[in-house]
Each structure stands twice: as C-alpha cells, then as structure tokens.
Amino acid sequence: MAISENYPLFIGGNWIDKQEKYDVLNPATEEVIARVPNAGPEEMKQAVEAAVNAQAAWADTVASERARILSDAARLMRERTEKLAEIMTIEEGKPLAEARGEIAYAASFLEWFAEEAKRIYGDTIPSNSRDKRILVIKRPVGVTAAITPWNFPAAMITRKIGPAFAAGCTMIVKPSELTPLSALEIARIFEEVGLPKGVLSIIVGTEPAELTRVLMDDVRVRKISFTGSTSVGKLLMKQAADTMKRVSFELGGHAPFIVFPDADLDEAVSHAVLAKMRGMGEACVAANRFYVHEEILEVFTEKFASRLEAMKVGNGLEEGISVGPLIEPSAVRKVEDHVQDAVAKGAKLVVGGERTGQEKGYYYPPTLLTNVNEEMKVAHEETFGPVAAILPFSTEEEVIQKANNTNYGLAAYFFTRDVGRIFRLADQLEYGILGANDGMPSTAQAPFGGIKESGLGREGSKYGIEEYLDIKYVSLGGITN
Ligand code: NAD
C-alpha cells in the first residue's frame with residue numbers, strides 16, 4: 001500500500017519540494033510507500049534562518065496564545081487518530097492498536113505543555129540589603145533543535161515540541177529518515193492551527209550527520225534535544241561543546257525486570273509482556289533482563305512462555321496482530337546475533353528463536369531464553385527486539401548489584417508486595433524511571449529520562465519545560481528613599 005499524498009519539506013512555515021528524493025519503506029512488506037525530499041545542509045540552513053527570524057516575536061507572544069496553539073494541535077491530532085496511526089503502522093511497523101495508543105500519548109504531551117505554558121513562574125528572593133530586591137525571571141533559551149528516532153515517530157517529537165513551544169522557543173526537527181511521514185503530518189497540524197511561520201521546521205534526509213552538523217555549528221541554535229542511541233548522543237554532546245549549547249539526551253536503555261517471590265505473579269507476567277513486547281521490544285524502556293527469584297522461576301517461566309507463544313506475528317494493519325516487523329534488516333540481524341550468542345553459551349530456547357515463514361518483511365518472533373548468564377550479550381547489551389532473557393537470583397542484595405551492573409540507567413521494573421523493599425529498591429536501583437509493580441510507567445505528567453549513559457535532562461512533567469528556559473535574575477536597587 002503506497003501513500004498517495006505528496007510530502008514536501010516544511011521549512012519556515014512553507015512547504016518546499018526538492019527534486020532529489022528518497023524512498024520510505026514499509027517494514028512489513030518491504031514496499032516503497034512514499035518518496036520524500038532528501039534534504040541537505042542547504043535546506044537545514046534555511047530552517048535555521050527562519051527560526052532565528054521568528055524567535056523574538058514568538059518569545060514575546062502571551063502564554064495563553066502559545067497554550068491555545070498547543071491545545072488546538074492536540075485536539076486535531078486526536079481527531080486524526082485513524083489516519084495518523086495508519087501512517088505510523090505503515091512506516092514503522094507497530095500494530096495499529098499500538099499506533100493509536102502512541103497518537104494519544106503524543107497528543108497528551110501537547111495538552112500537558114499547553115497548561116504548563118501558563119505556569120512559567122518566577123521568584124522573589126529576600127535580599128541582604130534593604131535597598132534591593134532580587135527577582136528571578138525565566139525566558140526561553142531561543143532557537144532549539146530536536147533530533148528524534150524512528151521507534152516512536154510521533155511521541156518523541158511532541159515530547160520536545162510541547163515544552164519548546166510552551167516556553168517560547170522555536171524548533172527545528174530532524175526526525176529519523178526511516179519515519180519522516182509522521183513528522184510531516186505533525187507539521188500539517190501546526191500549520192492548520194495557526195503556528196507563526198518559522199517557529200517550526202521539519203527537515204528529513206538520509207545524511208543525518210551532515211544535517212545535524214549545520215545545527216551543531218551554528219551558535220544561534222541554543223539547545224539541542226536528542227533521543228536515540230547512546231553512541232550518537234555522545235558524538236552530539238562533544239559537538240555541542242564548541243558553541244556551549246544546552247543539551248538534553250534521551251538515550252539507550254537495558255532495563256532489568258525483577259520479580260520477587262511475594263509478587264502477584266499473574267500481574268507480574270502481564271506487565272512483563274507489556275514491558276517487553278510494546279513496539280516489538282524496540283523501546284528504550286523495554287525490559288531486557290528478567291531477574292526472577294529462584295523459588296518462582298519455573299512457574300513464572302511457564303506463564304510468561306504461554307503468553308509470548310500466543311502472540312500473533314504479522315502485518316500490523318491486520319486484525320489480531322500483536323507483533324509487527326522490526327524496523328530494518330539490520331535490527332533482525334542484531335536480534336539473531338544476540339539469540340545465537342546466548343544459545344552458543346548455554347542458554348535454552350523456550351519460545352521462538354527462529355524467523356517465521358513470512359516471505360517479505362523484517363519479522364522476528366517473540367523469543368524466551370532461560371539458563372542465561374552475565375557473559376551473554378543479552379545480559380549486557382540493548383537487544384532492541386522481542387527477546388526476553390531470564391536470569392535467576394536468590395537475594396535482594398545480589399539482584400540489586402546485578403541490575404546496576406551496566407552503564408545504562410533509564411528504566412527498571414520490580415514486582416513485590418513488600419513496602420519496605422519497594423523503598424529500598426527505589427533508593428538503590430540506579431535508574432531514572434522505576435516501575436514498582438508497573439510495566440508501563442511512561443506518562444506526560446511524570447519526568448522521563450535516564451541517568452548514567454542513558455541520558456541527561458528530563459522530558460514531560462513540570463520539570464520538562466525547564467530544559468527550554470533560561471533563569472535570569474534582576475537585582476533591583478534604589479528601593480529605599
Ligand atoms: P540513532 O541514534 O541511530 O538515531 C537517532 C536519530 O539520530 C535519528 O534522527 C538519526 O537520523 C540521527 N543520527 C544517526 N546518526 C547520526 C549522526 N552520526 N549524527 C547525527 N545524527 C545522527 O537511534 P535509532 O536507531 O533511531 O533509535 C534507537 C535508539 O534510540 C535506541 O538506542 C533507543 O534506546 C533509543 N531511544 C531512546 C529513547 C529515550 O527516551 N531514552 C526513546 C526512544 C529511543
């Protein structure tokens with residue numbers, strides 16, 4: 001199924017086509033679904049100029065007007081759920097029901113930050129001098145840029161646009177070259193709700209390093225917000241140093257999922273399926289390592305295996321499909337490599353482990369491994385696919401040490417009914433997001449982000465907008481007469 005609409009670039013509020021195009025593929029069928037302009041540095045420079053020109057007026061709009069634009073955009077996004085979800089499934093592969101869920105999640109960031117725009121409060125601080133007052137004000141950081149991945153093609157964009165626009169920043173978005181259509185649909189929405197020209201540009205192209213270099217080298221771009229792999233994040237952090245840009249990074253993860261013997265096992269299994277299989281395991285917060293207490297190892301494994309076995313693999317547009325294709329052939333190769341490495345080192349395949357019969361599409365079935373040890377890749381690298389690896393443990397101390405034994409620190413999950421233990425784990429697990437009896441903690445009201453090599457800064461919540469605001473203080477003298 002090809003998409004018949006034309007998708008030019010969105011530069012400074014204008015739709016600009018380009019002769020040079022590239023193919024967007026459907027990972028379920030390997031068919032070309034659209035051809036989009038392949039932007040280069042020239043188009044990126046135009047986007048920066050437009051943002052610079054629009055910045056001052058945008059920063060000076062009243063908060064209620066920025067809030068209106070964001071909430072109108074959220075409403076349009078929800079109204080268009082069916083169309084947007086279908087486009088997402090066709091370009092990214094996730095099942096339609098999940099794509100609809102992502103559109104709702106994406107809209108929720110616009111709604112949340114529409115409200116936060118009205119609450120950019122300052123402070124007054126008592127001074128040491130009777131003659132002075134100290135005032136704290138917050139101002140937008142200026143022109144910002146977002147670089148986003150393919151796995152959440154809409155939500156990773158709105159989670160950045162929302163706070164940027166609420167704060168009064170302009171933004172240039174460079175989405176993943178694999179999922180440009182969802183991004184360009186977001187531009188259409190903002191155009192329709194009356195976003196001033198230049199406040200948003202969306203630049204898609206197959207040479208991300210060349211495109212982002214323009215952003216990184218330009219001193220007028222005051223902040224970048226990146227979601228993607230840790231390796232690219234580190235590269236961008238180095239590049240940001242030359243112009244001392246503000247940075248936020250939402251990077252890779254390697255989430256432990258810990259089940260204690262006092263947990264509600266059926267609950268834990270249901271959440272394990274969610275935490276592992278959402279987006280075919282291609283989520284930064286996906287559970288990768290399942291630490292299960294030895295007393296419940298057998299029963300947990302059986303229950304988890306039967307849930308994974310029942311999941312239907314196929315084209316996400318079809319009814320009843322809960323596992324779509326992975327994004328690219330290289331993603332399938334990585335998953336295969338992790339599974340083969342584990343089996344070669346003594347792991348046992350309980351479910352899956354072999355590519356299934358589809359002729360076309362980058363499919364890999366839900367897979368469950370037991371007898372896993374810390375030497376295997378699945379135990380220390382982000383698999384980014386539908387593979388669950390179970391490792392036994394016997395004490396709380398041991399499992400905390402194992403769970404923390406990684407450079408990643410994004411999300412961790414643990415299941416227990418012991419309140420004291422919940423607090424001990426919340427203190428000691430070195431992760432930014434902790435799901436205590438919860439396999440799906442992400443929500444617009446909560447601060448999302450990692451520690452260690454999983455990132456810097458937070459998105460969503462009342463904290464998310466601070467990433468787009470500079471603090472200034474005014475020392476006001478001459479009070480006494
Ligand atoms: P990626 O790092 O390859 O790509 C992310 C973005 O960076 C894309 O827009 C891409 O075009 C661009 N990019 C790629 N190479 C670049 C370079 N050399 N210079 C500048 N830009 C470059 O990651 P991906 O494969 O798209 O996404 C998967 C990764 O993202 C996983 O590691 C996942 O954990 C992470 N992720 C993190 C979060 C989070 O919130 N922490 C959310 C989603 C995904």
# chains A, B, ... in the order shown; residues from 1 in each chain; ligands from 1
$ closest_atom_pairs --of "range 335-441 of chain A" --to "range 246-252 of chain A" --cutoff "8 Å" --atoms "only C-alpha atoms" --output "JSON lines"
{"residue": "A:Glu382", "atom": "CA", "partner": "A:Gly252", "partner_atom": "CA", "distance": 7.3}
{"residue": "A:Tyr408", "atom": "CA", "partner": "A:Gly252", "partner_atom": "CA", "distance": 7.1}
{"residue": "A:Leu410", "atom": "CA", "partner": "A:Gly252", "partner_atom": "CA", "distance": 7.4}
$ closest_atom_pairs --of "chain A" --to "ligand 1" --cutoff "6 Å" --atoms "only C-alpha atoms and all ligand atoms" --output "tab-separated table"
residue	atom	partner	partner_atom_place_in_ligand_line	distance
A:Ile147	CA	ligand 1	9 (O)	5.0
A:Thr148	CA	ligand 1	9 (O)	4.5
A:Pro149	CA	ligand 1	26 (O)	3.6
A:Trp150	CA	ligand 1	26 (O)	5.0
A:Lys174	CA	ligand 1	9 (O)	5.9
A:Pro175	CA	ligand 1	9 (O)	4.7
A:Ser176	CA	ligand 1	9 (O)	3.5
A:Glu177	CA	ligand 1	11 (O)	5.6
A:Pro208	CA	ligand 1	21 (N)	4.6
A:Ala209	CA	ligand 1	19 (N)	3.6
A:Thr212	CA	ligand 1	20 (C)	5.3
A:Thr227	CA	ligand 1	37 (C)	5.1
A:Gly228	CA	ligand 1	30 (O)	3.1
A:Ser229	CA	ligand 1	32 (O)	3.5
A:Val232	CA	ligand 1	2 (O)	4.9
A:Glu250	CA	ligand 1	41 (N)	3.5
A:Leu251	CA	ligand 1	41 (N)	4.0
A:Gly252	CA	ligand 1	34 (O)	3.2
A:Gly253	CA	ligand 1	34 (O)	5.2
A:Ala283	CA	ligand 1	43 (C)	5.8
A:Cys284	CA	ligand 1	34 (O)	3.4
$ write_last_selection --atoms "N, CA and C atoms" --output "JSON list (two decimals), in the first residue's frame"
[["chain", "number", "residue", "atom", "x", "y", "z"],
["A", 147, "ILE", "N", 16.33, 16.12, 17.52],
["A", 147, "ILE", "CA", 16.76, 15.02, 16.65],
["A", 147, "ILE", "C", 16.12, 13.77, 17.24],
["A", 148, "THR", "N", 15.28, 13.10, 16.45],
["A", 148, "THR", "CA", 14.42, 12.07, 17.04],
["A", 148, "THR", "C", 14.55, 10.72, 16.32],
["A", 149, "PRO", "N", 14.21, 9.64, 17.02],
["A", 149, "PRO", "CA", 14.35, 8.29, 16.45],
["A", 149, "PRO", "C", 13.07, 7.82, 15.76],
["A", 150, "TRP", "N", 13.12, 6.61, 15.22],
["A", 150, "TRP", "CA", 12.01, 6.07, 14.44],
["A", 150, "TRP", "C", 11.03, 5.29, 15.30],
["A", 174, "LYS", "N", 14.60, 17.30, 13.25],
["A", 174, "LYS", "CA", 15.15, 16.36, 12.28],
["A", 174, "LYS", "C", 14.76, 14.95, 12.73],
["A", 175, "PRO", "N", 13.65, 14.44, 12.15],
["A", 175, "PRO", "CA", 13.22, 13.11, 12.56],
["A", 175, "PRO", "C", 14.11, 12.04, 11.94],
["A", 176, "SER", "N", 13.90, 10.81, 12.37],
["A", 176, "SER", "CA", 14.62, 9.71, 11.72],
["A", 176, "SER", "C", 14.24, 9.65, 10.26],
["A", 177, "GLU", "N", 15.23, 9.38, 9.42],
["A", 177, "GLU", "CA", 14.97, 9.27, 7.98],
["A", 177, "GLU", "C", 14.04, 8.09, 7.67],
["A", 208, "PRO", "N", 22.06, 12.06, 8.16],
["A", 208, "PRO", "CA", 21.82, 12.75, 9.44],
["A", 208, "PRO", "C", 23.05, 13.51, 9.96],
["A", 209, "ALA", "N", 24.23, 12.95, 9.77],
["A", 209, "ALA", "CA", 25.41, 13.62, 10.33],
["A", 209, "ALA", "C", 25.63, 14.98, 9.67],
["A", 212, "THR", "N", 22.76, 17.44, 10.90],
["A", 212, "THR", "CA", 22.87, 17.92, 12.28],
["A", 212, "THR", "C", 24.13, 18.77, 12.47],
["A", 227, "THR", "N", 16.93, 12.29, 21.06],
["A", 227, "THR", "CA", 16.52, 10.96, 21.51],
["A", 227, "THR", "C", 17.05, 9.96, 20.49],
["A", 228, "GLY", "N", 17.80, 9.00, 20.98],
["A", 228, "GLY", "CA", 18.37, 8.00, 20.07],
["A", 228, "GLY", "C", 19.41, 7.18, 20.81],
["A", 229, "SER", "N", 20.36, 6.66, 20.05],
["A", 229, "SER", "CA", 21.33, 5.74, 20.64],
["A", 229, "SER", "C", 22.38, 6.48, 21.47],
["A", 232, "VAL", "N", 25.43, 7.89, 19.29],
["A", 232, "VAL", "CA", 25.21, 9.17, 18.60],
["A", 232, "VAL", "C", 25.07, 10.30, 19.63],
["A", 250, "GLU", "N", 18.04, 11.69, 25.59],
["A", 250, "GLU", "CA", 17.27, 10.50, 25.98],
["A", 250, "GLU", "C", 17.85, 9.36, 25.17],
["A", 251, "LEU", "N", 18.64, 8.52, 25.83],
["A", 251, "LEU", "CA", 19.45, 7.55, 25.07],
["A", 251, "LEU", "C", 19.00, 6.12, 25.32],
["A", 252, "GLY", "N", 19.89, 5.20, 25.04],
["A", 252, "GLY", "CA", 19.53, 3.79, 25.12],
["A", 252, "GLY", "C", 19.30, 3.32, 26.54],
["A", 253, "GLY", "N", 18.73, 2.12, 26.66],
["A", 253, "GLY", "CA", 18.48, 1.53, 27.97],
["A", 253, "GLY", "C", 18.77, 0.04, 27.95],
["A", 283, "ALA", "N", 11.89, -0.46, 22.20],
["A", 283, "ALA", "CA", 11.65, 0.73, 23.02],
["A", 283, "ALA", "C", 12.84, 0.90, 23.95],
["A", 284, "CYS", "N", 13.18, 2.16, 24.19],
["A", 284, "CYS", "CA", 14.34, 2.43, 25.07],
["A", 284, "CYS", "C", 14.08, 1.91, 26.48]]
$ residues_around --residues "range 71-78 of chain A" --least-positions-apart "4" --cutoff "6 Å" --atoms "only C-alpha atoms" --output "PyMOL selection string"
chain A and resi 107+110-111+114+189-190
$ write_last_selection --atoms "N, CA, C and O atoms" --output "PDB file, in the first residue's frame"
ATOM      1  N   ALA A 107      -0.355  13.263  21.708  1.00  0.00           N
ATOM      2  CA  ALA A 107      -1.237  14.417  21.937  1.00  0.00           C
ATOM      3  C   ALA A 107      -1.190  14.837  23.405  1.00  0.00           C
ATOM      4  O   ALA A 107      -1.278  16.029  23.721  1.00  0.00           O
ATOM      5  N   LEU A 110       1.270  17.540  24.159  1.00  0.00           N
ATOM      6  CA  LEU A 110       0.865  18.880  23.717  1.00  0.00           C
ATOM      7  C   LEU A 110      -0.135  19.466  24.716  1.00  0.00           C
ATOM      8  O   LEU A 110      -0.062  20.648  25.068  1.00  0.00           O
ATOM      9  N   GLU A 111      -1.048  18.617  25.178  1.00  0.00           N
ATOM     10  CA  GLU A 111      -2.042  19.089  26.171  1.00  0.00           C
ATOM     11  C   GLU A 111      -1.351  19.489  27.470  1.00  0.00           C
ATOM     12  O   GLU A 111      -1.627  20.538  28.050  1.00  0.00           O
ATOM     13  N   ALA A 114       0.548  22.665  27.004  1.00  0.00           N
ATOM     14  CA  ALA A 114      -0.349  23.814  26.818  1.00  0.00           C
ATOM     15  C   ALA A 114      -0.659  24.405  28.195  1.00  0.00           C
ATOM     16  O   ALA A 114      -0.703  25.625  28.372  1.00  0.00           O
ATOM     17  N   ILE A 189      -0.451  19.736  11.046  1.00  0.00           N
ATOM     18  CA  ILE A 189      -1.349  20.076  12.153  1.00  0.00           C
ATOM     19  C   ILE A 189      -1.009  21.464  12.695  1.00  0.00           C
ATOM     20  O   ILE A 189      -1.891  22.316  12.875  1.00  0.00           O
ATOM     21  N   PHE A 190       0.259  21.718  12.928  1.00  0.00           N
ATOM     22  CA  PHE A 190       0.630  23.029  13.489  1.00  0.00           C
ATOM     23  C   PHE A 190       0.362  24.161  12.498  1.00  0.00           C
ATOM     24  O   PHE A 190       0.007  25.271  12.903  1.00  0.00           O
TER      25      PHE A 190
END
$ atom_distance --atom1 "CA of Ser225 in chain A" --atom2 "CA of Ala145 in chain A"
6.3 Å
$ atom_distance --atom1 "CA of Met244 in chain A" --atom2 "CA of Ala47 in chain A"
20.6 Å
$ residues_around --residues "Gln340 in chain A" --least-positions-apart "4" --cutoff "12 Å" --atoms "only C-alpha atoms" --output "PDB file with all heavy atoms, in the first residue's frame"
ATOM      1  N   ARG A 333      19.073  -8.769  12.232  1.00  0.00           N
ATOM      2  CA  ARG A 333      20.397  -9.415  12.371  1.00  0.00           C
ATOM      3  C   ARG A 333      20.917  -9.270  13.796  1.00  0.00           C
ATOM      4  O   ARG A 333      21.492 -10.185  14.357  1.00  0.00           O
ATOM      5  CB  ARG A 333      21.389  -8.805  11.375  1.00  0.00           C
ATOM      6  CG  ARG A 333      21.163  -9.286   9.952  1.00  0.00           C
ATOM      7  CD  ARG A 333      22.373  -9.005   9.067  1.00  0.00           C
ATOM      8  NE  ARG A 333      22.622  -7.578   8.906  1.00  0.00           N
ATOM      9  CZ  ARG A 333      22.036  -6.813   7.970  1.00  0.00           C
ATOM     10  NH1 ARG A 333      21.169  -7.351   7.126  1.00  0.00           N
ATOM     11  NH2 ARG A 333      22.310  -5.538   7.872  1.00  0.00           N
ATOM     12  N   LYS A 334      20.696  -8.094  14.407  1.00  0.00           N
ATOM     13  CA  LYS A 334      21.177  -7.887  15.777  1.00  0.00           C
ATOM     14  C   LYS A 334      20.468  -8.840  16.746  1.00  0.00           C
ATOM     15  O   LYS A 334      21.095  -9.462  17.602  1.00  0.00           O
ATOM     16  CB  LYS A 334      20.939  -6.428  16.205  1.00  0.00           C
ATOM     17  CG  LYS A 334      21.443  -6.146  17.604  1.00  0.00           C
ATOM     18  CD  LYS A 334      21.346  -4.686  17.978  1.00  0.00           C
ATOM     19  CE  LYS A 334      21.957  -4.447  19.351  1.00  0.00           C
ATOM     20  NZ  LYS A 334      21.681  -3.127  19.875  1.00  0.00           N
ATOM     21  N   VAL A 335      19.154  -8.972  16.566  1.00  0.00           N
ATOM     22  CA  VAL A 335      18.391  -9.869  17.445  1.00  0.00           C
ATOM     23  C   VAL A 335      18.869 -11.307  17.248  1.00  0.00           C
ATOM     24  O   VAL A 335      19.120 -12.044  18.212  1.00  0.00           O
ATOM     25  CB  VAL A 335      16.881  -9.731  17.152  1.00  0.00           C
ATOM     26  CG1 VAL A 335      16.097 -10.802  17.881  1.00  0.00           C
ATOM     27  CG2 VAL A 335      16.387  -8.340  17.556  1.00  0.00           C
ATOM     28  N   GLU A 336      19.028 -11.707  15.987  1.00  0.00           N
ATOM     29  CA  GLU A 336      19.504 -13.077  15.711  1.00  0.00           C
ATOM     30  C   GLU A 336      20.865 -13.308  16.359  1.00  0.00           C
ATOM     31  O   GLU A 336      21.117 -14.354  16.950  1.00  0.00           O
ATOM     32  CB  GLU A 336      19.636 -13.293  14.198  1.00  0.00           C
ATOM     33  CG  GLU A 336      18.313 -13.623  13.546  1.00  0.00           C
ATOM     34  CD  GLU A 336      18.416 -13.777  12.036  1.00  0.00           C
ATOM     35  OE1 GLU A 336      19.262 -13.088  11.410  1.00  0.00           O
ATOM     36  OE2 GLU A 336      17.632 -14.568  11.472  1.00  0.00           O
ATOM     37  N   ALA A 344      24.723 -20.377  22.014  1.00  0.00           N
ATOM     38  CA  ALA A 344      26.075 -20.946  21.931  1.00  0.00           C
ATOM     39  C   ALA A 344      26.749 -20.991  23.300  1.00  0.00           C
ATOM     40  O   ALA A 344      27.579 -21.856  23.563  1.00  0.00           O
ATOM     41  CB  ALA A 344      26.920 -20.115  20.958  1.00  0.00           C
ATOM     42  N   LYS A 345      26.351 -20.067  24.179  1.00  0.00           N
ATOM     43  CA  LYS A 345      26.974 -20.031  25.513  1.00  0.00           C
ATOM     44  C   LYS A 345      26.142 -20.785  26.555  1.00  0.00           C
ATOM     45  O   LYS A 345      26.348 -20.626  27.750  1.00  0.00           O
ATOM     46  CB  LYS A 345      27.188 -18.578  25.942  1.00  0.00           C
ATOM     47  CG  LYS A 345      28.282 -17.885  25.119  1.00  0.00           C
ATOM     48  CD  LYS A 345      28.411 -16.411  25.462  1.00  0.00           C
ATOM     49  CE  LYS A 345      29.487 -15.758  24.605  1.00  0.00           C
ATOM     50  NZ  LYS A 345      29.307 -14.294  24.516  1.00  0.00           N
ATOM     51  N   GLY A 346      25.158 -21.564  26.086  1.00  0.00           N
ATOM     52  CA  GLY A 346      24.452 -22.461  27.016  1.00  0.00           C
ATOM     53  C   GLY A 346      23.023 -22.074  27.360  1.00  0.00           C
ATOM     54  O   GLY A 346      22.396 -22.733  28.185  1.00  0.00           O
ATOM     55  N   ALA A 347      22.473 -21.011  26.746  1.00  0.00           N
ATOM     56  CA  ALA A 347      21.082 -20.645  27.057  1.00  0.00           C
ATOM     57  C   ALA A 347      20.124 -21.645  26.403  1.00  0.00           C
ATOM     58  O   ALA A 347      20.472 -22.303  25.417  1.00  0.00           O
ATOM     59  CB  ALA A 347      20.785 -19.244  26.554  1.00  0.00           C
ATOM     60  N   LYS A 348      18.914 -21.743  26.992  1.00  0.00           N
ATOM     61  CA  LYS A 348      17.915 -22.659  26.445  1.00  0.00           C
ATOM     62  C   LYS A 348      16.775 -21.839  25.822  1.00  0.00           C
ATOM     63  O   LYS A 348      16.277 -20.891  26.436  1.00  0.00           O
ATOM     64  CB  LYS A 348      17.381 -23.505  27.597  1.00  0.00           C
ATOM     65  CG  LYS A 348      16.461 -24.594  27.153  1.00  0.00           C
ATOM     66  CD  LYS A 348      16.107 -25.495  28.326  1.00  0.00           C
ATOM     67  CE  LYS A 348      14.760 -26.124  28.048  1.00  0.00           C
ATOM     68  NZ  LYS A 348      13.806 -26.051  29.118  1.00  0.00           N
ATOM     69  N   LEU A 349      16.409 -22.222  24.591  1.00  0.00           N
ATOM     70  CA  LEU A 349      15.300 -21.537  23.914  1.00  0.00           C
ATOM     71  C   LEU A 349      13.983 -22.146  24.382  1.00  0.00           C
ATOM     72  O   LEU A 349      13.752 -23.334  24.183  1.00  0.00           O
ATOM     73  CB  LEU A 349      15.408 -21.775  22.411  1.00  0.00           C
ATOM     74  CG  LEU A 349      16.104 -20.717  21.581  1.00  0.00           C
ATOM     75  CD1 LEU A 349      16.230 -21.194  20.145  1.00  0.00           C
ATOM     76  CD2 LEU A 349      15.332 -19.397  21.633  1.00  0.00           C
ATOM     77  N   GLY A 353      12.898 -17.964  18.589  1.00  0.00           N
ATOM     78  CA  GLY A 353      14.305 -18.203  18.297  1.00  0.00           C
ATOM     79  C   GLY A 353      14.590 -18.504  16.836  1.00  0.00           C
ATOM     80  O   GLY A 353      15.742 -18.605  16.425  1.00  0.00           O
ATOM     81  N   GLU A 354      13.550 -18.646  16.035  1.00  0.00           N
ATOM     82  CA  GLU A 354      13.740 -18.906  14.597  1.00  0.00           C
ATOM     83  C   GLU A 354      12.862 -17.927  13.854  1.00  0.00           C
ATOM     84  O   GLU A 354      11.694 -17.757  14.218  1.00  0.00           O
ATOM     85  CB  GLU A 354      13.227 -20.306  14.240  1.00  0.00           C
ATOM     86  CG  GLU A 354      14.091 -21.455  14.709  1.00  0.00           C
ATOM     87  CD  GLU A 354      15.288 -21.679  13.796  1.00  0.00           C
ATOM     88  OE1 GLU A 354      15.201 -21.306  12.602  1.00  0.00           O
ATOM     89  OE2 GLU A 354      16.301 -22.202  14.293  1.00  0.00           O
ATOM     90  N   THR A 367      10.551 -14.294  21.648  1.00  0.00           N
ATOM     91  CA  THR A 367      11.525 -15.331  21.987  1.00  0.00           C
ATOM     92  C   THR A 367      11.833 -15.278  23.475  1.00  0.00           C
ATOM     93  O   THR A 367      12.001 -14.189  24.041  1.00  0.00           O
ATOM     94  CB  THR A 367      12.814 -15.100  21.147  1.00  0.00           C
ATOM     95  OG1 THR A 367      12.477 -15.289  19.773  1.00  0.00           O
ATOM     96  CG2 THR A 367      13.935 -16.046  21.534  1.00  0.00           C
ATOM     97  N   LEU A 369      14.368 -16.932  26.474  1.00  0.00           N
ATOM     98  CA  LEU A 369      15.584 -17.692  26.767  1.00  0.00           C
ATOM     99  C   LEU A 369      15.700 -17.900  28.275  1.00  0.00           C
ATOM    100  O   LEU A 369      15.488 -16.963  29.046  1.00  0.00           O
ATOM    101  CB  LEU A 369      16.818 -16.904  26.318  1.00  0.00           C
ATOM    102  CG  LEU A 369      17.024 -16.667  24.824  1.00  0.00           C
ATOM    103  CD1 LEU A 369      18.039 -15.546  24.618  1.00  0.00           C
ATOM    104  CD2 LEU A 369      17.510 -17.947  24.150  1.00  0.00           C
ATOM    105  N   MET A 376      26.576 -13.449  28.466  1.00  0.00           N
ATOM    106  CA  MET A 376      25.901 -13.400  27.161  1.00  0.00           C
ATOM    107  C   MET A 376      25.534 -11.959  26.786  1.00  0.00           C
ATOM    108  O   MET A 376      25.260 -11.142  27.667  1.00  0.00           O
ATOM    109  CB  MET A 376      24.625 -14.256  27.210  1.00  0.00           C
ATOM    110  CG  MET A 376      24.925 -15.704  27.562  1.00  0.00           C
ATOM    111  SD  MET A 376      23.404 -16.620  27.884  1.00  0.00           S
ATOM    112  CE  MET A 376      24.092 -18.205  28.402  1.00  0.00           C
ATOM    113  N   LYS A 377      25.504 -11.685  25.473  1.00  0.00           N
ATOM    114  CA  LYS A 377      25.191 -10.309  25.020  1.00  0.00           C
ATOM    115  C   LYS A 377      23.820  -9.857  25.535  1.00  0.00           C
ATOM    116  O   LYS A 377      23.657  -8.696  25.899  1.00  0.00           O
ATOM    117  CB  LYS A 377      25.196 -10.248  23.489  1.00  0.00           C
ATOM    118  CG  LYS A 377      26.588 -10.322  22.885  1.00  0.00           C
ATOM    119  CD  LYS A 377      26.518 -10.178  21.376  1.00  0.00           C
ATOM    120  CE  LYS A 377      27.880 -10.420  20.756  1.00  0.00           C
ATOM    121  NZ  LYS A 377      27.841 -10.462  19.290  1.00  0.00           N
ATOM    122  N   VAL A 378      22.854 -10.759  25.549  1.00  0.00           N
ATOM    123  CA  VAL A 378      21.512 -10.366  26.006  1.00  0.00           C
ATOM    124  C   VAL A 378      21.541  -9.814  27.433  1.00  0.00           C
ATOM    125  O   VAL A 378      20.659  -9.052  27.816  1.00  0.00           O
ATOM    126  CB  VAL A 378      20.478 -11.523  25.983  1.00  0.00           C
ATOM    127  CG1 VAL A 378      19.947 -11.760  24.597  1.00  0.00           C
ATOM    128  CG2 VAL A 378      21.037 -12.779  26.616  1.00  0.00           C
ATOM    129  N   VAL A 387      13.041 -10.218  22.439  1.00  0.00           N
ATOM    130  CA  VAL A 387      13.726 -11.320  23.106  1.00  0.00           C
ATOM    131  C   VAL A 387      13.765 -11.071  24.610  1.00  0.00           C
ATOM    132  O   VAL A 387      14.257 -10.032  25.047  1.00  0.00           O
ATOM    133  CB  VAL A 387      15.173 -11.462  22.583  1.00  0.00           C
ATOM    134  CG1 VAL A 387      15.896 -12.612  23.295  1.00  0.00           C
ATOM    135  CG2 VAL A 387      15.177 -11.657  21.082  1.00  0.00           C
TER     136      VAL A 387
END
$ atom_distance --atom1 "CA of Glu116 in chain A" --atom2 "CA of Gly457 in chain A"
17.3 Å
$ closest_residue --among "A:Gln239, A:Thr158, A:Gln55, A:Ser322" --to "Pro366 in chain A" --atoms "only C-alpha atoms"
A:Ser322
$ select_by_dssp --residues "range 154-336 of chain A" --states "strand (DSSP E or B)" --output "number ranges by chain"
A: 170-174, 200-202, 221-227, 246-250, 255-259, 287-293, 313, 323
$ write_last_selection --atoms "C-alpha atoms" --output "compact mmCIF listing (two decimals), in the first residue's frame"
# COMPACT_ATOMS: atom_id res chain seq x y z
CA THR A 170 11.34 27.92 18.06
CA MET A 171 12.30 24.40 16.99
CA ILE A 172 13.83 22.65 14.02
CA VAL A 173 13.02 18.94 14.00
CA LYS A 174 15.15 16.36 12.28
CA LEU A 200 8.65 25.03 13.34
CA SER A 201 10.63 23.39 10.55
CA ILE A 202 10.84 19.70 9.74
CA VAL A 221 20.96 27.33 17.87
CA ARG A 222 20.99 27.46 21.67
CA LYS A 223 19.82 23.98 22.55
CA ILE A 224 19.51 20.50 21.15
CA SER A 225 17.31 17.74 22.43
CA PHE A 226 18.26 14.31 21.16
CA THR A 227 16.52 10.96 21.51
CA ARG A 246 22.27 23.38 26.22
CA VAL A 247 21.66 19.67 25.70
CA SER A 248 19.18 17.01 26.68
CA PHE A 249 19.71 13.39 25.83
CA GLU A 250 17.27 10.50 25.98
CA ALA A 255 16.10 -2.38 31.69
CA PRO A 256 16.08 -5.05 34.39
CA PHE A 257 12.69 -6.53 35.33
CA ILE A 258 12.88 -8.09 38.79
CA VAL A 259 10.28 -10.47 40.20
CA ALA A 287 12.71 -4.81 29.68
CA ASN A 288 15.77 -6.73 28.54
CA ARG A 289 16.86 -8.80 31.55
CA PHE A 290 14.29 -10.66 33.63
CA TYR A 291 15.68 -11.42 37.09
CA VAL A 292 13.32 -13.95 38.62
CA HIS A 293 13.70 -15.30 42.16
CA VAL A 313 3.11 -12.02 14.40
CA VAL A 323 3.81 -8.29 16.99
$ residues_around --residues "Ala106 in chain A" --least-positions-apart "5" --cutoff "12 Å" --atoms "only C-alpha atoms" --output "ChimeraX atom specification"
/A:70,73-78,81,84-85,99-101,111-113,152-162,182-183,186,442-444,460
